[in-house]
Structure formats: C-alpha cells, structure tokens
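> Okay, so here is coords-v9.pdb, and as you'll see once you scroll down, it has PDB, C-alpha atoms and all ligand atoms.
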MODEL        1
ATOM      1  CA  MET A   1     -39.341 -88.097  45.953
ATOM      2  CA  ASN A   2     -39.184 -85.604  43.083
ATOM      3  CA  ASP A   3     -38.253 -81.964  43.447
ATOM      4  CA  LEU A   4     -39.969 -79.073  41.737
ATOM      5  CA  THR A   5     -38.576 -75.640  41.094
ATOM      6  CA  GLN A   6     -39.578 -72.630  39.039
ATOM      7  CA  VAL A   7     -36.818 -71.616  36.631
ATOM      8  CA  ILE A   8     -35.885 -68.958  34.128
ATOM      9  CA  VAL A   9     -34.080 -70.684  31.275
ATOM     10  CA  LEU A  10     -30.871 -68.749  30.630
ATOM     11  CA  SER A  11     -29.167 -70.732  27.900
ATOM     12  CA  GLN A  12     -28.999 -74.057  26.140
ATOM     13  CA  MET A  13     -25.870 -75.855  24.999
ATOM     14  CA  ASP A  14     -25.831 -78.916  22.721
ATOM     15  CA  TYR A  15     -24.504 -82.034  24.368
ATOM     16  CA  LYS A  16     -23.873 -85.413  22.758
ATOM     17  CA  GLU A  17     -26.139 -86.349  19.879
ATOM     18  CA  ASN A  18     -29.620 -85.443  21.088
ATOM     19  CA  ASP A  19     -29.116 -83.956  24.533
ATOM     20  CA  ALA A  20     -28.535 -80.467  25.828
ATOM     21  CA  LEU A  21     -27.238 -78.795  28.947
ATOM     22  CA  ILE A  22     -29.710 -76.206  30.187
ATOM     23  CA  LYS A  23     -28.489 -73.393  32.382
ATOM     24  CA  VAL A  24     -31.252 -71.917  34.511
ATOM     25  CA  PHE A  25     -31.878 -69.428  37.280
ATOM     26  CA  SER A  26     -33.910 -71.381  39.815
ATOM     27  CA  TYR A  27     -36.136 -69.625  42.302
ATOM     28  CA  ASP A  28     -35.080 -72.084  45.014
ATOM     29  CA  TYR A  29     -31.459 -72.850  44.187
ATOM     30  CA  GLY A  30     -30.028 -69.938  42.177
ATOM     31  CA  LEU A  31     -27.872 -70.923  39.195
ATOM     32  CA  MET A  32     -28.268 -74.564  38.138
ATOM     33  CA  THR A  33     -27.399 -76.735  35.167
ATOM     34  CA  PHE A  34     -29.677 -79.529  33.944
ATOM     35  CA  LEU A  35     -29.032 -82.362  31.571
ATOM     36  CA  ALA A  36     -32.052 -82.614  29.282
ATOM     37  CA  LYS A  37     -31.973 -85.960  27.499
ATOM     38  CA  GLY A  38     -33.305 -86.340  23.983
ATOM     39  CA  ILE A  39     -34.341 -82.736  23.906
ATOM     40  CA  ARG A  40     -33.051 -82.058  20.405
ATOM     41  CA  LYS A  41     -35.330 -84.698  18.932
ATOM     42  CA  ILE A  42     -38.193 -83.005  17.178
ATOM     43  CA  ASN A  43     -40.870 -84.801  19.208
ATOM     44  CA  SER A  44     -39.245 -84.249  22.598
ATOM     45  CA  LYS A  45     -41.871 -83.240  25.131
ATOM     46  CA  ASN A  46     -39.332 -81.237  27.124
ATOM     47  CA  ARG A  47     -38.255 -79.132  24.142
ATOM     48  CA  SER A  48     -40.453 -76.115  24.769
ATOM     49  CA  ILE A  49     -39.832 -75.873  28.520
ATOM     50  CA  CYS A  50     -36.093 -75.581  27.831
ATOM     51  CA  MET A  51     -36.231 -72.735  25.329
ATOM     52  CA  PRO A  52     -34.093 -69.811  26.525
ATOM     53  CA  TYR A  53     -36.044 -67.003  28.285
ATOM     54  CA  THR A  54     -38.956 -69.336  29.077
ATOM     55  CA  ILE A  55     -40.293 -69.454  32.628
ATOM     56  CA  SER A  56     -40.899 -73.103  33.451
ATOM     57  CA  GLU A  57     -41.385 -75.508  36.291
ATOM     58  CA  PHE A  58     -38.794 -78.301  36.299
ATOM     59  CA  MET A  59     -39.211 -81.685  37.963
ATOM     60  CA  PHE A  60     -36.030 -83.528  38.904
ATOM     61  CA  ASN A  61     -34.319 -85.599  41.608
ATOM     62  CA  TYR A  62     -32.021 -83.307  43.497
ATOM     63  CA  HIS A  63     -28.524 -84.714  43.995
ATOM     64  CA  GLU A  64     -26.587 -82.425  46.243
ATOM     65  CA  SER A  65     -23.248 -83.920  45.272
ATOM     66  CA  SER A  66     -23.825 -83.411  41.563
ATOM     67  CA  GLN A  67     -23.075 -80.247  39.575
ATOM     68  CA  ILE A  68     -25.589 -81.245  36.945
ATOM     69  CA  GLN A  69     -29.143 -82.343  37.678
ATOM     70  CA  SER A  70     -31.204 -84.558  35.394
ATOM     71  CA  LEU A  71     -34.408 -83.027  34.121
ATOM     72  CA  LEU A  72     -37.346 -85.422  34.283
ATOM     73  CA  GLN A  73     -40.221 -83.331  32.995
ATOM     74  CA  GLY A  74     -41.911 -80.002  33.547
ATOM     75  CA  GLN A  75     -44.377 -77.464  32.371
ATOM     76  CA  ILE A  76     -44.353 -74.003  30.894
ATOM     77  CA  ILE A  77     -45.404 -71.118  33.099
ATOM     78  CA  GLN A  78     -44.723 -68.407  30.549
ATOM     79  CA  THR A  79     -43.305 -68.554  27.031
ATOM     80  CA  HIS A  80     -41.486 -65.592  25.587
ATOM     81  CA  HIS A  81     -41.816 -66.501  21.943
ATOM     82  CA  ARG A  82     -41.696 -62.947  20.544
ATOM     83  CA  ILE A  83     -38.155 -62.600  21.865
ATOM     84  CA  HIS A  84     -37.076 -65.392  19.531
ATOM     85  CA  GLU A  85     -38.679 -63.801  16.489
ATOM     86  CA  ASP A  86     -37.008 -60.411  16.780
ATOM     87  CA  LEU A  87     -33.255 -59.782  16.683
ATOM     88  CA  SER A  88     -33.278 -56.657  18.820
ATOM     89  CA  LYS A  89     -35.449 -58.387  21.436
ATOM     90  CA  SER A  90     -33.238 -61.478  21.506
ATOM     91  CA  GLY A  91     -30.100 -59.316  21.692
ATOM     92  CA  THR A  92     -31.556 -57.444  24.652
ATOM     93  CA  ALA A  93     -32.652 -60.678  26.338
ATOM     94  CA  SER A  94     -29.236 -62.287  25.932
ATOM     95  CA  LEU A  95     -27.634 -59.221  27.513
ATOM     96  CA  CYS A  96     -30.147 -59.493  30.355
ATOM     97  CA  VAL A  97     -29.349 -63.141  31.129
ATOM     98  CA  GLU A  98     -25.612 -62.533  30.767
ATOM     99  CA  LEU A  99     -25.759 -59.715  33.315
ATOM    100  CA  VAL A 100     -27.866 -61.614  35.822
ATOM    101  CA  GLU A 101     -25.716 -64.713  35.482
ATOM    102  CA  SER A 102     -22.507 -62.848  36.262
ATOM    103  CA  LEU A 103     -24.187 -61.074  39.154
ATOM    104  CA  ILE A 104     -25.631 -64.142  40.930
ATOM    105  CA  HIS A 105     -22.719 -66.450  40.190
ATOM    106  CA  ASP A 106     -21.398 -66.465  43.763
ATOM    107  CA  GLU A 107     -24.545 -65.282  45.492
ATOM    108  CA  ASN A 108     -25.867 -67.434  48.340
ATOM    109  CA  ASP A 109     -28.242 -65.047  50.075
ATOM    110  CA  LYS A 110     -31.709 -66.403  49.414
ATOM    111  CA  ASN A 111     -33.431 -63.008  49.595
ATOM    112  CA  VAL A 112     -31.000 -61.419  47.161
ATOM    113  CA  LEU A 113     -31.492 -64.327  44.760
ATOM    114  CA  ILE A 114     -35.273 -63.986  44.910
ATOM    115  CA  GLU A 115     -35.025 -60.254  44.248
ATOM    116  CA  HIS A 116     -32.908 -60.912  41.154
ATOM    117  CA  PHE A 117     -35.240 -63.696  40.060
ATOM    118  CA  GLU A 118     -38.258 -61.399  40.159
ATOM    119  CA  PHE A 119     -36.350 -58.581  38.474
ATOM    120  CA  THR A 120     -35.180 -60.840  35.635
ATOM    121  CA  LYS A 121     -38.760 -62.021  35.104
ATOM    122  CA  PHE A 122     -39.908 -58.402  35.009
ATOM    123  CA  LEU A 123     -37.265 -57.484  32.414
ATOM    124  CA  LEU A 124     -38.022 -60.473  30.193
ATOM    125  CA  ASN A 125     -41.720 -59.592  30.247
ATOM    126  CA  GLN A 126     -40.908 -56.039  29.217
ATOM    127  CA  ILE A 127     -38.653 -57.263  26.391
ATOM    128  CA  GLU A 128     -41.387 -59.634  25.230
ATOM    129  CA  ASN A 129     -44.238 -57.139  25.330
ATOM    130  CA  LYS A 130     -42.785 -53.686  24.688
ATOM    131  CA  SER A 131     -41.129 -52.283  21.595
ATOM    132  CA  LYS A 132     -38.722 -49.690  23.018
ATOM    133  CA  MET A 133     -35.613 -51.777  23.532
ATOM    134  CA  ASN A 134     -33.355 -48.793  24.269
ATOM    135  CA  ALA A 135     -35.502 -47.752  27.223
ATOM    136  CA  ILE A 136     -35.411 -51.318  28.548
ATOM    137  CA  LEU A 137     -31.639 -51.455  28.018
ATOM    138  CA  ALA A 138     -31.141 -48.155  29.850
ATOM    139  CA  PHE A 139     -33.166 -49.431  32.811
ATOM    140  CA  MET A 140     -31.405 -52.790  32.756
ATOM    141  CA  LEU A 141     -27.876 -51.373  32.591
ATOM    142  CA  SER A 142     -28.565 -48.735  35.249
ATOM    143  CA  SER A 143     -30.094 -51.330  37.574
ATOM    144  CA  TYR A 144     -27.117 -53.642  37.226
ATOM    145  CA  MET A 145     -24.711 -50.783  37.885
ATOM    146  CA  ASN A 146     -26.702 -50.147  41.036
ATOM    147  CA  TYR A 147     -26.539 -53.847  42.042
ATOM    148  CA  TYR A 148     -22.783 -53.839  41.443
ATOM    149  CA  GLY A 149     -22.504 -50.670  43.546
ATOM    150  CA  ILE A 150     -20.947 -48.668  40.715
ATOM    151  CA  SER A 151     -23.759 -46.258  39.820
ATOM    152  CA  PRO A 152     -22.462 -43.046  38.245
ATOM    153  CA  HIS A 153     -22.492 -39.881  40.310
ATOM    154  CA  VAL A 154     -25.196 -37.725  38.684
ATOM    155  CA  ASP A 155     -26.152 -35.105  41.295
ATOM    156  CA  SER A 156     -23.163 -32.840  40.710
ATOM    157  CA  CYS A 157     -19.553 -32.886  39.544
ATOM    158  CA  VAL A 158     -18.005 -36.127  40.794
ATOM    159  CA  LEU A 159     -14.739 -34.297  41.567
ATOM    160  CA  CYS A 160     -15.806 -31.026  43.240
ATOM    161  CA  GLU A 161     -19.608 -31.200  43.740
ATOM    162  CA  SER A 162     -20.235 -28.136  41.559
ATOM    163  CA  THR A 163     -23.577 -28.291  39.765
ATOM    164  CA  LYS A 164     -22.420 -26.470  36.604
ATOM    165  CA  VAL A 165     -21.775 -29.652  34.685
ATOM    166  CA  ASN A 166     -20.970 -30.006  30.989
ATOM    167  CA  SER A 167     -19.181 -33.319  30.730
ATOM    168  CA  ILE A 168     -19.104 -36.991  31.759
ATOM    169  CA  SER A 169     -16.057 -38.994  32.724
ATOM    170  CA  ILE A 170     -16.355 -42.772  32.745
ATOM    171  CA  GLU A 171     -13.002 -43.090  34.516
ATOM    172  CA  GLU A 172     -13.927 -40.611  37.300
ATOM    173  CA  GLY A 173     -17.386 -42.144  37.580
ATOM    174  CA  GLY A 174     -19.921 -39.474  36.710
ATOM    175  CA  LEU A 175     -20.721 -35.898  35.778
ATOM    176  CA  ILE A 176     -17.931 -33.328  35.459
ATOM    177  CA  CYS A 177     -18.229 -29.531  35.825
ATOM    178  CA  ASN A 178     -16.890 -26.901  33.410
ATOM    179  CA  GLU A 179     -13.823 -26.184  35.519
ATOM    180  CA  CYS A 180     -12.801 -29.771  36.191
ATOM    181  CA  GLN A 181     -13.418 -30.566  32.526
ATOM    182  CA  MET A 182     -10.712 -28.089  31.527
ATOM    183  CA  GLU A 183      -8.267 -29.982  33.697
ATOM    184  CA  ILE A 184      -9.105 -33.586  32.808
ATOM    185  CA  HIS A 185     -10.301 -32.977  29.203
ATOM    186  CA  SER A 186     -13.266 -35.336  29.486
ATOM    187  CA  PRO A 187     -15.737 -35.265  26.565
ATOM    188  CA  ILE A 188     -18.282 -32.426  26.551
ATOM    189  CA  TYR A 189     -21.955 -33.297  26.042
ATOM    190  CA  SER A 190     -25.123 -31.368  25.235
ATOM    191  CA  ILE A 191     -27.470 -30.349  28.042
ATOM    192  CA  GLU A 192     -30.062 -32.716  26.568
ATOM    193  CA  PHE A 193     -27.705 -35.643  26.788
ATOM    194  CA  LEU A 194     -26.580 -34.834  30.341
ATOM    195  CA  LYS A 195     -30.256 -34.771  31.301
ATOM    196  CA  GLU A 196     -30.872 -38.096  29.610
ATOM    197  CA  PHE A 197     -27.877 -39.582  31.423
ATOM    198  CA  ARG A 198     -29.064 -38.272  34.796
ATOM    199  CA  LEU A 199     -32.615 -39.479  34.202
ATOM    200  CA  SER A 200     -31.436 -43.003  33.356
ATOM    201  CA  GLN A 201     -30.173 -43.316  36.935
ATOM    202  CA  ARG A 202     -33.597 -42.534  38.385
ATOM    203  CA  ILE A 203     -35.606 -45.311  36.734
ATOM    204  CA  ASN A 204     -37.239 -47.920  38.911
ATOM    205  CA  LYS A 205     -39.973 -50.516  38.482
ATOM    206  CA  GLU A 206     -42.635 -48.017  39.576
ATOM    207  CA  ASN A 207     -41.774 -45.206  37.167
ATOM    208  CA  PHE A 208     -40.577 -47.412  34.308
ATOM    209  CA  GLU A 209     -43.882 -47.188  32.423
ATOM    210  CA  ASN A 210     -43.563 -43.390  32.414
ATOM    211  CA  TYR A 211     -39.960 -43.621  31.308
ATOM    212  CA  LEU A 212     -41.029 -45.830  28.382
ATOM    213  CA  ASN A 213     -43.501 -43.201  27.233
ATOM    214  CA  TYR A 214     -41.338 -40.195  27.990
ATOM    215  CA  LYS A 215     -39.215 -40.044  24.841
ATOM    216  CA  ASP A 216     -36.946 -42.250  22.773
ATOM    217  CA  VAL A 217     -33.717 -43.179  24.458
ATOM    218  CA  SER A 218     -30.655 -42.490  22.313
ATOM    219  CA  ASN A 219     -28.160 -45.103  21.151
ATOM    220  CA  GLU A 220     -25.469 -42.779  22.469
ATOM    221  CA  LEU A 221     -26.773 -43.228  26.019
ATOM    222  CA  ILE A 222     -26.824 -47.033  25.740
ATOM    223  CA  LEU A 223     -23.276 -47.029  24.418
ATOM    224  CA  LEU A 224     -22.105 -44.851  27.306
ATOM    225  CA  LEU A 225     -23.840 -47.028  29.929
ATOM    226  CA  VAL A 226     -22.305 -50.188  28.463
ATOM    227  CA  LYS A 227     -18.823 -48.601  28.497
ATOM    228  CA  PHE A 228     -19.374 -47.381  32.043
ATOM    229  CA  LEU A 229     -20.454 -50.794  33.269
ATOM    230  CA  GLU A 230     -17.629 -52.608  31.481
ATOM    231  CA  TYR A 231     -15.012 -50.152  32.749
ATOM    232  CA  HIS A 232     -16.058 -50.378  36.407
ATOM    233  CA  THR A 233     -16.773 -54.120  36.605
ATOM    234  CA  GLY A 234     -13.994 -55.364  34.317
ATOM    235  CA  VAL A 235     -16.628 -57.549  32.651
ATOM    236  CA  THR A 236     -16.722 -57.718  28.847
ATOM    237  CA  LEU A 237     -20.293 -58.160  27.734
ATOM    238  CA  LYS A 238     -20.299 -60.824  25.020
ATOM    239  CA  SER A 239     -23.894 -60.195  24.007
ATOM    240  CA  TRP A 240     -23.105 -56.540  23.508
ATOM    241  CA  GLU A 241     -20.488 -57.550  20.942
ATOM    242  CA  PHE A 242     -23.224 -59.533  19.229
ATOM    243  CA  ILE A 243     -25.597 -56.581  19.250
ATOM    244  CA  ARG A 244     -22.916 -54.302  17.858
ATOM    245  CA  LYS A 245     -21.711 -56.787  15.259
ATOM    246  CA  TRP A 246     -25.166 -57.218  13.800
ATOM    247  CA  SER A 247     -25.890 -53.502  14.096
ATOM    248  CA  ILE A 248     -29.154 -54.253  15.822
ATOM    249  CA  MET A 249     -29.193 -51.014  17.753
ATOM    250  CA  MET A 250     -26.317 -48.921  16.588
TER
HETATM  251 ZN    ZN A 301     -15.803 -30.115  39.269
ENDMDL
END
Since I need it in another form, could you write the structure as structure tokens?
Ligand SMILES: [Zn+2]

Amino acid sequence: MNDLTQVIVLSQMDYKENDALIKVFSYDYGLMTFLAKGIRKINSKNRSICMPYTISEFMFNYHESSQIQSLLQGQIIQTHHRIHEDLSKSGTASLCVELVESLIHDENDKNVLIEHFEFTKFLLNQIENKSKMNAILAFMLSSYMNYYGISPHVDSCVLCESTKVNSISIEEGGLICNECQMEIHSPIYSIEFLKEFRLSQRINKENFENYLNYKDVSNELILLLVKFLEYHTGVTLKSWEFIRKWSIMM
C-alpha cells in the first residue's frame, strides 16, 4: 500500500552521485526527509517535483521506524518557478522556509502544523506573484514573532505605558517614550518610522493586500524586525546573512 501526502519542498541536499535528500513540510506528517534516487540525472522524472518551494504530492511507502522515507513518484500541484529566477524572491523564500522549519521542528499538534502549512503556502504564493518583497518580509517576520510569542509592544511605551513615544528598544521589547528614552538611551526614530513599525504588527492575511498597496516598506524596518526576532529567539537567520551578503535588499 502506497502513501500519498501533499508537501512543500523546503530544501534539497546532494547525496551520493545522483541522489538527493529532500526536506519537506508535509501536510500530514510535518517535517520529513525523503531520499530521491537518481534525481540529479537530467532525465529524472522526479526532478521537478523536488525543486525547492514547489508544492507537490509525494507517493512513498511509509516506514515509521525510518528517519528517511524513499520517494517513489509524485506530481506537481504548484510550481514556483519565478522564485528561482529572481535573487530577491529566492532570498525571501529561503528565509521563509528557514523560519517555518525552525518553528515546526518539535511541533506535534496537527492543527498547528496545518495552520503553518497553509500560511507557508500563502507566503510562497505571494513571493512568486508579487513584486514588493519588503512588504512580504515585514508580514513574514511579524507573523513569526507572533507565533514565537515575542511580538513587540507597540501600543505604548513598553516600560511605563505612556503614549508619547519617540524610540524603540529591541532589548526592552518595543516602543519607548521620551522620558524612558532619556534613561535607557535607546535609539530615537522619526514619527514616520515609528508608525511604520507599529503598522507592521497589525498585518494579517485579510489586510495584507492593502498593506502591499499602502506604501513601500523601508529596508530600515526589515533590518529592525530581523534584529528583533534574532535577539528574542536566539536564532541566527542564515538566509538573512545571504541576503545581506549579496546586497539583495540592503
Ligand atoms: Zn516610558
């Protein structure tokens, strides 16, 4: 009896001469690794279904005792070929799969996994079809901060609740008011930027289209959100280093 599962291909790693190990996010099983034999041969029929960021259906024999499943065959549900042709899209997509992978690593709750599966699909579709990568990044980073439970405090000063804010402190976890700023010497930002920061924490799937059309999201905001996320999770985002190194967005 063969098993079928819908997957989001996260990454591909060369293995032996012609094979590859495919890491996927499966709708039914969460994180999984497949051995795809002969996939690096040019005429391999499984080549396209294993391309990173592709949504595919994989057929395999499930072995519960094994860490790695053998891929038999499958079919494409959705290609994301534009992501591969554009450096800023592929940088954004690799950050997306890195974030979701670290988040679902130890997750066993089926409903939580399905929510993340659908959200990852949504993000990859946006990356494929839209051009404003900074807006997608802002939504992505803010959503993951929310999933990690480390969203910045943006309603008032994180220290005293005053609403006369002029600063942001990553260490304190949010907006800082004029008076507290004088004590902790956190960096002062323009009103525009504080607004942009606050707005980034209000994006959801429903208002995302409006956010995309609202105005261009600054690189400064993305940089701050990345620093915020890294500081409060202790995670170092490898794909962000890649994005920075190749100056794709900075
Ligand atoms: Zn304060």
> Closest to Met59 of chain A among A:Gly74, A:Asp19, A:Val24, A:Ile168, using only C-alpha atoms?
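Of all the options, A:Gly74 lies closest to Met59 of chain A.
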> How many Å lie between atom CA of His84 of chain A and atom CA of Asn146 of chain A, rounded to one decimal?
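These two atoms are separated by 28.3 Å.
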> Using all atoms listed in the file, find each residue with an atom at most 9 Å away from ligand ZN 301 (chain A) and format the answer as a ChimeraX atom specification.
/A:156-165,175-181
> Please provide the set of residues having any atom within 12 Å of segment 60-71 of chain A, restricted to all atoms listed in the file, with same-chain residues fewer than 4 positions apart removed, written as a PyMOL selection string.
chain A and resi 1-7+19-24+28-29+31-39+45-47+49-50+56+75
> Report the residues retrieved by the PyMOL selection byres (((chain A and resi 238) around 12) and not hetatm) from the displayed file, expressed as number ranges by chain.
A: 91-92, 94-99, 102, 226, 230, 235-237, 239-245
> To test your reading of the syntax: which residues would the PyMOL selection byres (((chain A and resi 204) around 12) and not hetatm) return for the file shown? Reply as a PyMOL selection string.
chain A and resi 119+122-123+135-136+138-144+146+199-203+205-212
> Given all atoms listed in the file as the basis, pick out the residue of A:Leu194, A:Ala93, A:Leu87, A:Met182 nearest to Ile8 of chain A.
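That would be A:Ala93, the residue with the smallest distance to Ile8 of chain A.
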> Atom CA of Gln73 of chain A to atom CA of Asp109 of chain A: how many Å, to one decimal?
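Between atom CA of Gln73 of chain A and atom CA of Asp109 of chain A the gap works out to 27.7 Å.
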